[in-house]
$ cat data-v6.txt   # compact mmCIF, C-alpha atoms
# COMPACT_ATOMS: atom_id res chain seq x y z
CA MET F 1 -53.75 19.25 5.47
CA TRP F 2 -56.57 21.69 4.83
CA HIS F 3 -58.19 21.69 1.45
CA THR F 4 -61.14 23.30 -0.17
CA SER F 5 -62.43 21.70 -3.30
CA CYS F 6 -62.54 23.87 -6.40
CA GLY F 7 -65.79 25.55 -7.30
CA GLY F 8 -67.79 24.68 -10.37
CA VAL F 9 -71.44 24.32 -11.10
CA PRO F 10 -72.92 21.95 -8.55
CA ARG F 11 -75.08 19.33 -10.05
CA ILE F 12 -78.79 19.63 -9.48
CA VAL F 13 -78.85 16.62 -7.13
CA ASP F 14 -76.28 18.23 -4.89
CA GLU F 15 -78.17 21.47 -4.97
CA VAL F 16 -81.44 19.81 -3.97
CA THR F 17 -79.77 17.77 -1.21
CA ASN F 18 -78.03 20.89 0.03
CA ARG F 19 -81.27 22.83 0.25
CA LEU F 20 -83.00 19.96 2.03
CA LEU F 21 -80.17 19.68 4.53
CA MET F 22 -80.16 23.43 5.06
CA ALA F 23 -83.90 23.44 5.61
CA MET F 24 -83.44 20.64 8.16
CA ALA F 25 -80.68 22.55 9.89
CA THR F 26 -82.61 25.83 9.94
CA ASN F 27 -85.70 24.32 11.53
CA ASN F 28 -84.95 25.04 15.16
CA ASN F 29 -87.74 22.91 16.54
CA ASN F 30 -86.35 19.79 15.03
CA ARG F 31 -82.64 20.19 14.54
CA SER F 32 -81.07 17.05 13.22
CA TRP F 33 -78.08 15.96 11.23
CA ASN F 34 -76.20 12.78 10.48
CA ILE F 35 -72.61 11.63 10.57
CA LEU F 36 -71.28 8.64 8.63
CA ASN F 37 -68.54 6.63 10.31
CA TRP F 38 -66.76 3.77 8.59
CA ASN F 39 -63.51 1.88 8.73
CA ILE F 40 -63.19 1.22 4.99
CA ARG F 41 -59.87 -0.70 5.08
CA GLY F 42 -58.31 1.12 2.19
CA ILE F 43 -60.05 3.67 0.00
CA ASN F 44 -57.75 3.34 -3.00
CA GLU F 45 -59.79 1.02 -5.18
CA GLU F 46 -62.64 2.30 -7.30
CA ASP F 47 -65.20 0.03 -5.65
CA LYS F 48 -64.26 1.32 -2.20
CA CYS F 49 -64.77 4.91 -3.36
CA LYS F 50 -68.10 3.97 -4.82
CA ALA F 51 -69.14 2.21 -1.62
CA VAL F 52 -68.21 5.23 0.52
CA LYS F 53 -70.15 7.56 -1.77
CA GLU F 54 -73.17 5.28 -1.54
CA LYS F 55 -73.04 5.19 2.26
CA ILE F 56 -72.62 8.97 2.51
CA GLU F 57 -75.76 9.40 0.40
CA GLU F 58 -77.64 6.63 2.17
CA SER F 59 -76.95 8.19 5.57
CA VAL F 60 -77.74 11.75 4.31
CA ALA F 61 -74.59 12.73 6.18
CA VAL F 62 -73.30 16.27 6.66
CA VAL F 63 -70.01 14.95 8.05
CA TYR F 64 -68.16 11.78 7.11
CA CYS F 65 -65.43 10.04 9.12
CA ILE F 66 -63.42 7.32 7.39
CA GLN F 67 -60.75 5.24 9.11
CA GLU F 68 -57.97 3.15 7.61
CA THR F 69 -57.82 5.06 4.37
CA LYS F 70 -54.37 3.59 3.73
CA ARG F 71 -53.48 6.81 1.91
CA THR F 72 -50.58 9.09 2.71
CA SER F 73 -52.26 12.12 1.11
CA PHE F 74 -55.53 13.44 -0.25
CA ASP F 75 -56.25 16.16 -2.77
CA PRO F 76 -59.62 17.60 -3.84
CA PHE F 77 -59.47 15.56 -7.03
CA PHE F 78 -59.26 12.25 -5.19
CA VAL F 79 -61.81 13.28 -2.54
CA LYS F 80 -64.36 13.88 -5.33
CA LYS F 81 -64.19 10.17 -6.13
CA PHE F 82 -65.95 9.27 -2.88
CA ALA F 83 -67.48 12.46 -1.48
CA PRO F 84 -70.50 14.12 -3.08
CA ARG F 85 -69.85 17.71 -4.17
CA ARG F 86 -71.63 19.35 -1.25
CA PHE F 87 -68.70 18.23 0.93
CA ASN F 88 -66.44 21.19 0.31
CA LYS F 89 -64.05 20.72 3.25
CA PHE F 90 -61.87 17.88 4.43
CA VAL F 91 -58.96 17.22 6.73
CA TYR F 92 -56.94 14.05 7.04
CA SER F 93 -54.38 12.22 9.07
CA PRO F 94 -52.02 10.49 6.65
CA SER F 95 -51.46 6.74 6.74
CA ARG F 96 -47.99 5.48 7.54
CA GLY F 97 -47.28 3.58 4.39
CA ALA F 98 -50.25 1.30 3.95
CA SER F 99 -51.43 1.40 7.54
CA GLY F 100 -54.00 3.62 9.21
CA GLY F 101 -55.06 7.00 7.90
CA ILE F 102 -58.19 8.98 8.74
CA ILE F 103 -60.19 11.50 6.76
CA MET F 104 -63.05 13.73 7.90
CA GLY F 105 -65.07 15.87 5.52
CA TRP F 106 -68.07 18.14 5.88
CA ASN F 107 -70.48 20.48 4.20
CA GLU F 108 -69.31 23.97 5.10
CA SER F 109 -72.61 25.57 4.12
CA ILE F 110 -74.18 23.87 7.13
CA PHE F 111 -71.37 23.78 9.69
CA THR F 112 -68.22 25.85 9.86
CA GLY F 113 -65.43 23.56 11.01
CA GLN F 114 -62.30 24.52 12.89
CA VAL F 115 -59.58 21.92 13.32
CA VAL F 116 -58.65 21.30 16.95
CA GLU F 117 -56.24 18.37 16.63
CA ILE F 118 -54.95 15.91 14.08
CA ASN F 119 -52.75 13.00 15.08
CA LEU F 120 -52.11 9.36 14.29
CA PHE F 121 -55.21 8.23 16.19
CA ALA F 122 -57.75 10.95 15.72
CA ILE F 123 -59.08 14.08 14.09
CA THR F 124 -60.96 16.61 16.21
CA VAL F 125 -62.97 19.41 14.63
CA HIS F 126 -65.03 22.09 16.33
CA PHE F 127 -68.27 22.82 14.45
CA THR F 128 -70.45 25.90 14.52
CA SER F 129 -73.81 25.82 12.82
CA ASN F 130 -74.44 28.47 10.17
CA HIS F 131 -78.16 28.32 10.81
CA ASN F 132 -78.70 28.23 14.55
CA ASN F 133 -76.60 28.39 17.71
CA ASP F 134 -75.48 24.74 17.73
CA ILE F 135 -71.83 24.38 18.67
CA TRP F 136 -70.27 20.94 18.97
CA THR F 137 -67.00 19.07 18.74
CA LEU F 138 -66.43 15.85 16.85
CA THR F 139 -63.52 13.49 17.41
CA THR F 140 -63.13 10.56 15.09
CA VAL F 141 -60.89 7.83 16.40
CA TYR F 142 -58.79 5.06 14.93
CA GLY F 143 -57.20 2.87 17.59
CA GLN F 144 -54.13 1.40 15.95
CA VAL F 145 -53.46 -2.27 16.61
CA MET F 146 -50.27 -4.19 16.06
CA ASP F 147 -50.73 -7.60 14.56
CA LEU F 148 -48.51 -10.61 15.18
CA THR F 149 -46.08 -9.65 12.44
CA GLY F 150 -45.53 -6.34 14.12
CA ILE F 151 -47.08 -4.49 11.22
CA PRO F 152 -49.92 -2.24 12.27
CA SER F 153 -53.09 -3.37 10.56
CA MET P 1 -55.67 -10.43 8.95
CA ASP P 2 -55.21 -12.93 11.71
CA PRO P 3 -58.12 -15.36 12.01
CA ASP P 4 -58.75 -14.57 15.65
CA HIS P 5 -58.68 -10.94 16.62
CA SER P 6 -57.96 -11.81 20.24
CA LEU P 7 -54.61 -13.29 19.19
CA ARG P 8 -53.32 -9.82 18.58
CA PRO P 9 -51.13 -8.65 21.41
CA SER P 10 -52.98 -5.93 23.24
CA HIS P 11 -49.90 -3.83 23.82
CA GLY P 12 -47.84 -2.60 20.93
CA PRO P 13 -46.16 0.80 20.97
CA ASP P 14 -48.97 2.30 18.88
CA ARG P 15 -51.65 0.95 21.11
CA ASP P 16 -49.91 2.23 24.22
CA SER P 17 -49.60 5.71 22.81
CA PHE P 18 -53.23 5.56 21.65
CA ILE P 19 -54.27 4.68 25.20
CA ASP P 20 -52.10 7.51 26.58
CA TRP P 21 -53.51 10.01 24.13
CA ILE P 22 -57.15 9.13 24.68
CA ASN P 23 -56.79 9.00 28.47
CA ASN P 24 -55.48 12.56 28.38
CA LEU P 25 -58.25 13.84 26.16
CA ASN P 26 -59.81 16.71 28.02
CA ILE P 27 -63.52 16.49 27.43
CA SER P 28 -65.42 19.13 29.31
CA PRO P 29 -68.78 17.72 30.44
CA SER P 30 -70.37 21.09 29.68
CA GLU P 31 -69.34 20.97 26.02
CA ASN P 32 -71.22 19.18 23.27
CA TRP P 33 -68.65 16.59 22.36
CA ILE P 34 -69.12 13.43 20.28
CA ILE P 35 -66.51 10.73 19.68
CA VAL P 36 -67.03 8.14 17.00
CA GLY P 37 -64.73 5.67 15.33
CA ASP P 38 -62.97 2.33 15.28
CA PHE P 39 -61.44 1.98 18.74
CA ASN P 40 -60.30 -1.62 18.24
CA PHE P 41 -61.56 -2.33 21.73
CA TYR P 42 -64.66 -4.00 23.10
CA ARG P 43 -66.25 -3.38 26.48
CA SER P 44 -67.48 -6.81 27.57
CA PRO P 45 -67.60 -10.48 26.52
CA GLU P 46 -71.05 -9.77 25.06
CA ASP P 47 -69.38 -7.63 22.43
CA ARG P 48 -68.06 -10.86 20.89
CA ASN P 49 -69.92 -13.82 19.43
CA ARG P 50 -67.50 -16.24 21.07
CA PRO P 51 -66.81 -16.80 24.71
CA GLY P 52 -63.69 -15.35 26.22
CA GLY P 53 -61.92 -12.33 24.89
CA ASN P 54 -59.21 -10.12 26.24
CA PHE P 55 -60.28 -9.09 29.73
CA GLN P 56 -57.30 -6.81 30.20
CA ASP P 57 -58.37 -4.91 27.08
CA MET P 58 -61.94 -4.67 28.36
CA ASN P 59 -60.67 -3.21 31.62
CA THR P 60 -58.46 -0.74 29.79
CA PHE P 61 -61.28 0.41 27.55
CA ASN P 62 -63.83 0.68 30.33
CA SER P 63 -61.47 2.68 32.49
CA ILE P 64 -60.79 5.05 29.56
CA ILE P 65 -64.54 5.56 29.24
CA SER P 66 -64.99 6.26 32.92
CA ASN P 67 -61.89 8.50 33.05
CA LEU P 68 -63.28 10.62 30.25
CA GLY P 69 -66.76 10.65 31.76
CA ILE P 70 -68.30 9.90 28.39
CA ILE P 71 -71.56 8.13 27.71
CA GLU P 72 -72.00 5.33 25.21
CA ILE P 73 -74.52 5.76 22.43
CA PRO P 74 -75.52 2.13 21.97
CA LEU P 75 -75.45 0.57 18.56
CA LYS P 76 -79.05 -0.01 17.57
CA GLY P 77 -80.27 -3.34 16.29
CA ARG P 78 -76.94 -5.08 15.94
CA ASN P 79 -74.39 -6.47 18.36
CA TYR P 80 -71.18 -6.39 16.35
CA THR P 81 -69.47 -4.07 13.87
CA TRP P 82 -66.57 -6.18 12.73
CA SER P 83 -66.12 -9.64 11.26
CA ASN P 84 -62.95 -11.59 10.59
CA MET P 85 -64.69 -12.70 7.39
CA GLN P 86 -64.02 -16.41 8.00
CA ASP P 87 -66.49 -19.21 7.44
CA ASN P 88 -67.40 -19.43 11.07
CA PRO P 89 -66.76 -15.78 11.71
CA LEU P 90 -65.55 -14.11 14.83
CA LEU P 91 -67.70 -11.03 15.35
CA GLU P 92 -66.92 -8.12 17.64
CA GLN P 93 -68.08 -4.62 18.30
CA LEU P 94 -65.00 -2.48 17.67
CA ASP P 95 -66.71 0.71 16.43
CA TRP P 96 -68.23 2.93 19.10
CA CYS P 97 -69.91 6.23 19.66
CA PHE P 98 -69.65 8.23 22.88
CA THR P 99 -70.76 11.69 23.91
CA SER P 100 -70.13 14.16 26.70
CA LEU P 101 -72.74 14.53 29.43
CA ASN P 102 -73.94 17.85 28.08
CA TRP P 103 -74.53 16.29 24.66
CA THR P 104 -77.13 13.89 26.05
CA MET P 105 -79.17 16.88 27.21
CA ALA P 106 -78.63 19.07 24.16
CA PHE P 107 -79.26 16.30 21.64
CA PRO P 108 -81.23 13.63 23.50
CA ASN P 109 -82.09 11.72 20.36
CA THR P 110 -78.65 10.68 19.20
CA LEU P 111 -78.59 7.22 17.65
CA MET P 112 -75.87 4.97 16.27
CA LEU P 113 -77.40 3.01 13.44
CA PRO P 114 -75.66 0.26 11.49
CA LEU P 115 -75.92 0.31 7.70
CA ALA P 116 -75.63 -2.69 5.44
CA HIS P 117 -71.99 -3.63 5.06
CA HIS P 118 -69.92 -4.70 2.12
CA THR P 119 -66.42 -4.08 0.75
CA SER P 120 -65.01 -3.76 4.28
CA ASP P 121 -64.87 -6.03 7.31
CA HIS P 122 -66.30 -3.16 9.36
CA VAL P 123 -69.96 -2.12 9.39
CA PRO P 124 -70.60 1.49 8.33
CA CYS P 125 -72.53 3.36 10.98
CA MET P 126 -74.72 6.38 10.73
CA VAL P 127 -74.89 8.63 13.76
CA GLN P 128 -78.20 10.41 13.76
CA ILE P 129 -78.35 13.52 15.90
CA GLY P 130 -81.61 15.11 16.90
CA THR P 131 -83.06 17.30 19.57
CA SER P 132 -86.54 15.90 19.37
CA ILE P 133 -88.48 13.05 17.88
CA PRO P 134 -89.76 14.31 14.55
CA LYS P 135 -93.50 14.71 14.65
CA ALA P 136 -95.98 15.71 12.02
CA LYS P 137 -97.45 19.14 12.52
CA ILE P 138 -100.96 17.79 12.28
CA PHE P 139 -103.69 19.64 14.09
CA ARG P 140 -105.81 17.28 16.16
CA PHE P 141 -109.05 18.41 17.69
CA GLU P 142 -109.65 16.85 21.10
CA ASN P 143 -113.28 16.19 21.95
CA PHE P 144 -112.77 16.96 25.64
CA TRP P 145 -111.96 20.58 24.75
CA VAL P 146 -115.65 21.32 24.19
CA GLU P 147 -116.46 20.44 27.79
CA HIS P 148 -113.76 22.72 29.07
CA PRO P 149 -114.84 26.12 30.44
CA GLY P 150 -113.60 28.86 28.19
CA PHE P 151 -113.64 26.78 25.02
CA PHE P 152 -116.44 28.72 23.36
CA ASP P 153 -114.86 32.04 24.29
CA VAL P 154 -111.67 31.00 22.52
CA VAL P 155 -113.62 29.91 19.45
CA GLN P 156 -115.65 33.07 19.39
CA GLY P 157 -112.64 35.29 19.96
CA ALA P 158 -110.66 33.66 17.18
CA TRP P 159 -113.60 33.59 14.79
CA ASN P 160 -114.32 37.28 15.25
CA VAL P 161 -110.80 38.35 14.38
CA GLU P 162 -111.10 40.44 11.27
CA VAL P 163 -109.85 38.86 8.06
CA ARG P 164 -109.82 40.77 4.81
CA SER P 165 -110.36 39.22 1.46
CA SER P 166 -112.63 39.71 -1.48
CA SER P 167 -113.34 36.01 -1.68
CA SER P 168 -115.57 34.49 0.98
CA ALA P 169 -113.86 31.11 0.58
CA THR P 170 -110.50 32.66 1.42
CA MET P 171 -112.10 34.40 4.40
CA VAL P 172 -113.55 31.17 5.80
CA ALA P 173 -110.21 29.42 5.30
CA ALA P 174 -108.41 32.27 7.07
CA LYS P 175 -110.87 32.13 9.96
CA PHE P 176 -110.31 28.40 10.38
CA LYS P 177 -106.58 29.00 10.37
CA ASN P 178 -106.95 31.60 13.10
CA LEU P 179 -109.11 29.21 15.08
CA ARG P 180 -106.59 26.41 14.73
CA ARG P 181 -103.80 28.65 15.98
CA ALA P 182 -105.89 29.91 18.91
CA LEU P 183 -106.96 26.41 19.96
CA LYS P 184 -103.39 25.13 19.76
CA ARG P 185 -102.20 27.91 22.02
CA TRP P 186 -105.12 27.52 24.41
CA SER P 187 -104.84 23.70 24.66
CA LYS P 188 -101.20 23.89 25.72
CA GLY P 189 -102.20 25.30 29.09
CA LEU P 190 -104.94 22.73 29.64
CA SER P 191 -103.08 19.83 31.16
CA ASN P 192 -99.57 18.85 32.08
CA PHE P 193 -99.94 15.41 30.50
CA LYS P 194 -97.22 16.14 27.98
CA ILE P 195 -94.71 17.10 30.64
CA LYS P 196 -95.63 14.03 32.68
CA ILE P 197 -95.15 11.77 29.66
CA GLN P 198 -91.82 13.43 28.90
CA ASN P 199 -90.66 12.90 32.47
CA CYS P 200 -91.66 9.23 32.38
CA ASN P 201 -89.69 8.83 29.17
CA ARG P 202 -86.61 10.36 30.78
CA VAL P 203 -86.84 7.90 33.67
CA LEU P 204 -87.25 5.01 31.23
CA GLU P 205 -84.22 6.15 29.27
CA VAL P 206 -82.11 6.29 32.41
CA LEU P 207 -83.28 2.79 33.41
CA ASP P 208 -82.60 1.46 29.92
CA LYS P 209 -79.10 2.87 30.07
CA LEU P 210 -78.55 1.45 33.54
CA GLU P 211 -79.72 -1.97 32.42
CA GLU P 212 -76.89 -2.19 29.93
CA ASN P 213 -74.34 -2.00 32.70
CA ARG P 214 -76.07 -3.84 35.50
CA ARG P 215 -79.15 -5.87 36.25
CA LEU P 216 -82.32 -4.04 37.22
CA TYR P 217 -83.68 -5.68 40.34
$ encode --input "data-v6.txt" --output "structure tokens"
Amino acid sequence: MWHTSCGGVPRIVDEVTNRLLMAMATNNNNRSWNILNWNIRGINEEDKCKAVKEKIEESVAVVYCIQETKRTSFDPFFVKKFAPRRFNKFVYSPSRGASGGIIMGWNESIFTGQVVEINLFAITVHFTSNHNNDIWTLTTVYGQVMDLTGIPS
Amino acid sequence: MDPDHSLRPSHGPDRDSFIDWINNLNISPSENWIIVGDFNFYRSPEDRNRPGGNFQDMNTFNSIISNLGIIEIPLKGRNYTWSNMQDNPLLEQLDWCFTSLNWTMAFPNTLMLPLAHHTSDHVPCMVQIGTSIPKAKIFRFENFWVEHPGFFDVVQGAWNVEVRSSSSATMVAAKFKNLRRALKRWSKGLSNFKIKIQNCNRVLEVLDKLEENRRLY
């Protein structure tokens, strides 16, 4: 469940964003970073991918957490459809058929992530900053619900 | 999607094992831990735009939160994160952000901000994490400094520091820079206003937080 996207020449926008984010992370007096969290209700369609990409950029996120992906697997090729290139790591909890599914991705040049736990309901990753001594743990949660038909929604 | 979220039975096998799992999550208060996601739970009737709601669910969720000893990062500027997308919609807050106790001290300016939503019935949220309120590094000269004993000594001391340059303009600029640095350092020890303001803000934050759970008399 651990993937690293292939290399390649990062586009200039990614490069600039990366440097900005790194500068923000390096400035010890004003450390700050953002996480995007969204239950997308299925990431398979093109417009959903586009929407996620937009929100990742809008939030200037260094980590994204997406619930209800409704996807049983992810590969770097698919992840590129919704995650800007600076996000070079991701882990996911597969959906069961068309229900549930979580993915978390991050920019490894800012935080080194170590997976603590992946299960049906959550992904937990331990992050260490590459620029200062910030150490933190992020759990992203999806609380499964059964609907009246007995099919988890 | 059922038209009324509250019609969903609150206990399916998945939900029970979710509750078991999260209740057993071992969050050390001394670690910097943040939990964000779609919990499919709300905490109180105010987290819905319609009266009622599932009180058993509210109890379950609130006891999970107190078991884990986690602190809610309130959603800023909006009351709900989910809509059933009907004409007269049912709105609920189902997406939440919590942190460990230590987090609130390490990153006191953590905010959960809603973004504009489309293509999903859930609102995307941006969690902004900061250690301090960003402030411009503008140098401000305070007029009361001049009346302070020792002010002219600081000015003189800083001005007399040797700067080397062939251009007199560069030298003057360098001297002003030295002076700015010296005055900044000197002014820090002048009063404890900043600390007092910071302390007041802490108290206000605690009261604000308290007010969300109970009335302030």
$ interface_residues --input "data-v6.txt" --of "chain P" --to "chain F" --cutoff "7 Å" --atoms "only C-alpha atoms" --output "ChimeraX atom specification"
/P:8-9,12,14-15,18,32-40,119-120,122-132,134
$ axis_aligned_box --input "data-v6.txt" --around "range 55-67 of chain F" --padding-each-side "4 Å" --output "JSON"
{"center_x": -69.2, "center_y": 10.7, "center_z": 4.8, "size_x": 25.0, "size_y": 19.1, "size_z": 16.7}
$ atom_distance --input "data-v6.txt" --atom1 "CA of Cys97 in chain P" --atom2 "CA of Pro74 in chain P"
7.3 Å
$ residues_near_point --input "data-v6.txt" --point "(-63.8, -13.4, 22.4)" --cutoff "9 Å" --atoms "all atoms listed in the file" --output "number ranges by chain"
P: 4-6, 45-54, 90-92
$ atom_distance --input "data-v6.txt" --atom1 "CA of Pro149 in chain P" --atom2 "CA of Val172 in chain P"
25.2 Å
$ atom_distance --input "data-v6.txt" --atom1 "CA of Trp21 in chain P" --atom2 "CA of Pro114 in chain P"
27.3 Å
$ decode --input "data-v6.txt" --residues "range 58-101 of chain P" --atoms "C-alpha atoms" --output "PDB file, in the first residue's frame"
ATOM      1  CA  MET P  58     -24.496  11.977  20.487  1.00  0.00           C
ATOM      2  CA  ASN P  59     -23.795  10.232  23.778  1.00  0.00           C
ATOM      3  CA  THR P  60     -21.626   7.627  22.077  1.00  0.00           C
ATOM      4  CA  PHE P  61     -19.614  10.248  20.234  1.00  0.00           C
ATOM      5  CA  ASN P  62     -19.181  12.516  23.242  1.00  0.00           C
ATOM      6  CA  SER P  63     -18.044   9.642  25.408  1.00  0.00           C
ATOM      7  CA  ILE P  64     -15.499   8.624  22.736  1.00  0.00           C
ATOM      8  CA  ILE P  65     -14.163  12.185  22.803  1.00  0.00           C
ATOM      9  CA  SER P  66     -13.881  12.254  26.570  1.00  0.00           C
ATOM     10  CA  ASN P  67     -12.397   8.729  26.695  1.00  0.00           C
ATOM     11  CA  LEU P  68      -9.668   9.765  24.304  1.00  0.00           C
ATOM     12  CA  GLY P  69      -9.099  13.059  26.096  1.00  0.00           C
ATOM     13  CA  ILE P  70      -9.047  14.923  22.807  1.00  0.00           C
ATOM     14  CA  ILE P  71      -9.969  18.527  22.203  1.00  0.00           C
ATOM     15  CA  GLU P  72     -12.242  19.720  19.430  1.00  0.00           C
ATOM     16  CA  ILE P  73     -10.916  22.240  16.947  1.00  0.00           C
ATOM     17  CA  PRO P  74     -14.154  24.052  16.143  1.00  0.00           C
ATOM     18  CA  LEU P  75     -15.218  24.527  12.574  1.00  0.00           C
ATOM     19  CA  LYS P  76     -14.872  28.212  11.837  1.00  0.00           C
ATOM     20  CA  GLY P  77     -17.664  30.211  10.282  1.00  0.00           C
ATOM     21  CA  ARG P  78     -20.011  27.383   9.444  1.00  0.00           C
ATOM     22  CA  ASN P  79     -22.228  25.065  11.452  1.00  0.00           C
ATOM     23  CA  TYR P  80     -22.560  22.041   9.193  1.00  0.00           C
ATOM     24  CA  THR P  81     -20.341  20.007   6.873  1.00  0.00           C
ATOM     25  CA  TRP P  82     -22.857  17.714   5.242  1.00  0.00           C
ATOM     26  CA  SER P  83     -26.096  18.135   3.340  1.00  0.00           C
ATOM     27  CA  ASN P  84     -28.570  15.518   2.172  1.00  0.00           C
ATOM     28  CA  MET P  85     -28.845  17.640  -0.977  1.00  0.00           C
ATOM     29  CA  GLN P  86     -32.654  17.784  -0.871  1.00  0.00           C
ATOM     30  CA  ASP P  87     -34.764  20.838  -1.548  1.00  0.00           C
ATOM     31  CA  ASN P  88     -35.275  21.565   2.092  1.00  0.00           C
ATOM     32  CA  PRO P  89     -31.964  20.098   3.106  1.00  0.00           C
ATOM     33  CA  LEU P  90     -31.023  18.371   6.287  1.00  0.00           C
ATOM     34  CA  LEU P  91     -27.654  19.749   7.351  1.00  0.00           C
ATOM     35  CA  GLU P  92     -25.317  18.205   9.899  1.00  0.00           C
ATOM     36  CA  GLN P  93     -21.770  18.521  11.067  1.00  0.00           C
ATOM     37  CA  LEU P  94     -20.277  15.080  10.440  1.00  0.00           C
ATOM     38  CA  ASP P  95     -16.658  16.104   9.743  1.00  0.00           C
ATOM     39  CA  TRP P  96     -14.550  16.937  12.771  1.00  0.00           C
ATOM     40  CA  CYS P  97     -11.074  17.807  13.872  1.00  0.00           C
ATOM     41  CA  PHE P  98      -9.628  16.924  17.273  1.00  0.00           C
ATOM     42  CA  THR P  99      -6.181  17.179  18.801  1.00  0.00           C
ATOM     43  CA  SER P 100      -4.308  15.851  21.798  1.00  0.00           C
ATOM     44  CA  LEU P 101      -3.759  18.151  24.765  1.00  0.00           C
TER      45      LEU P 101
END
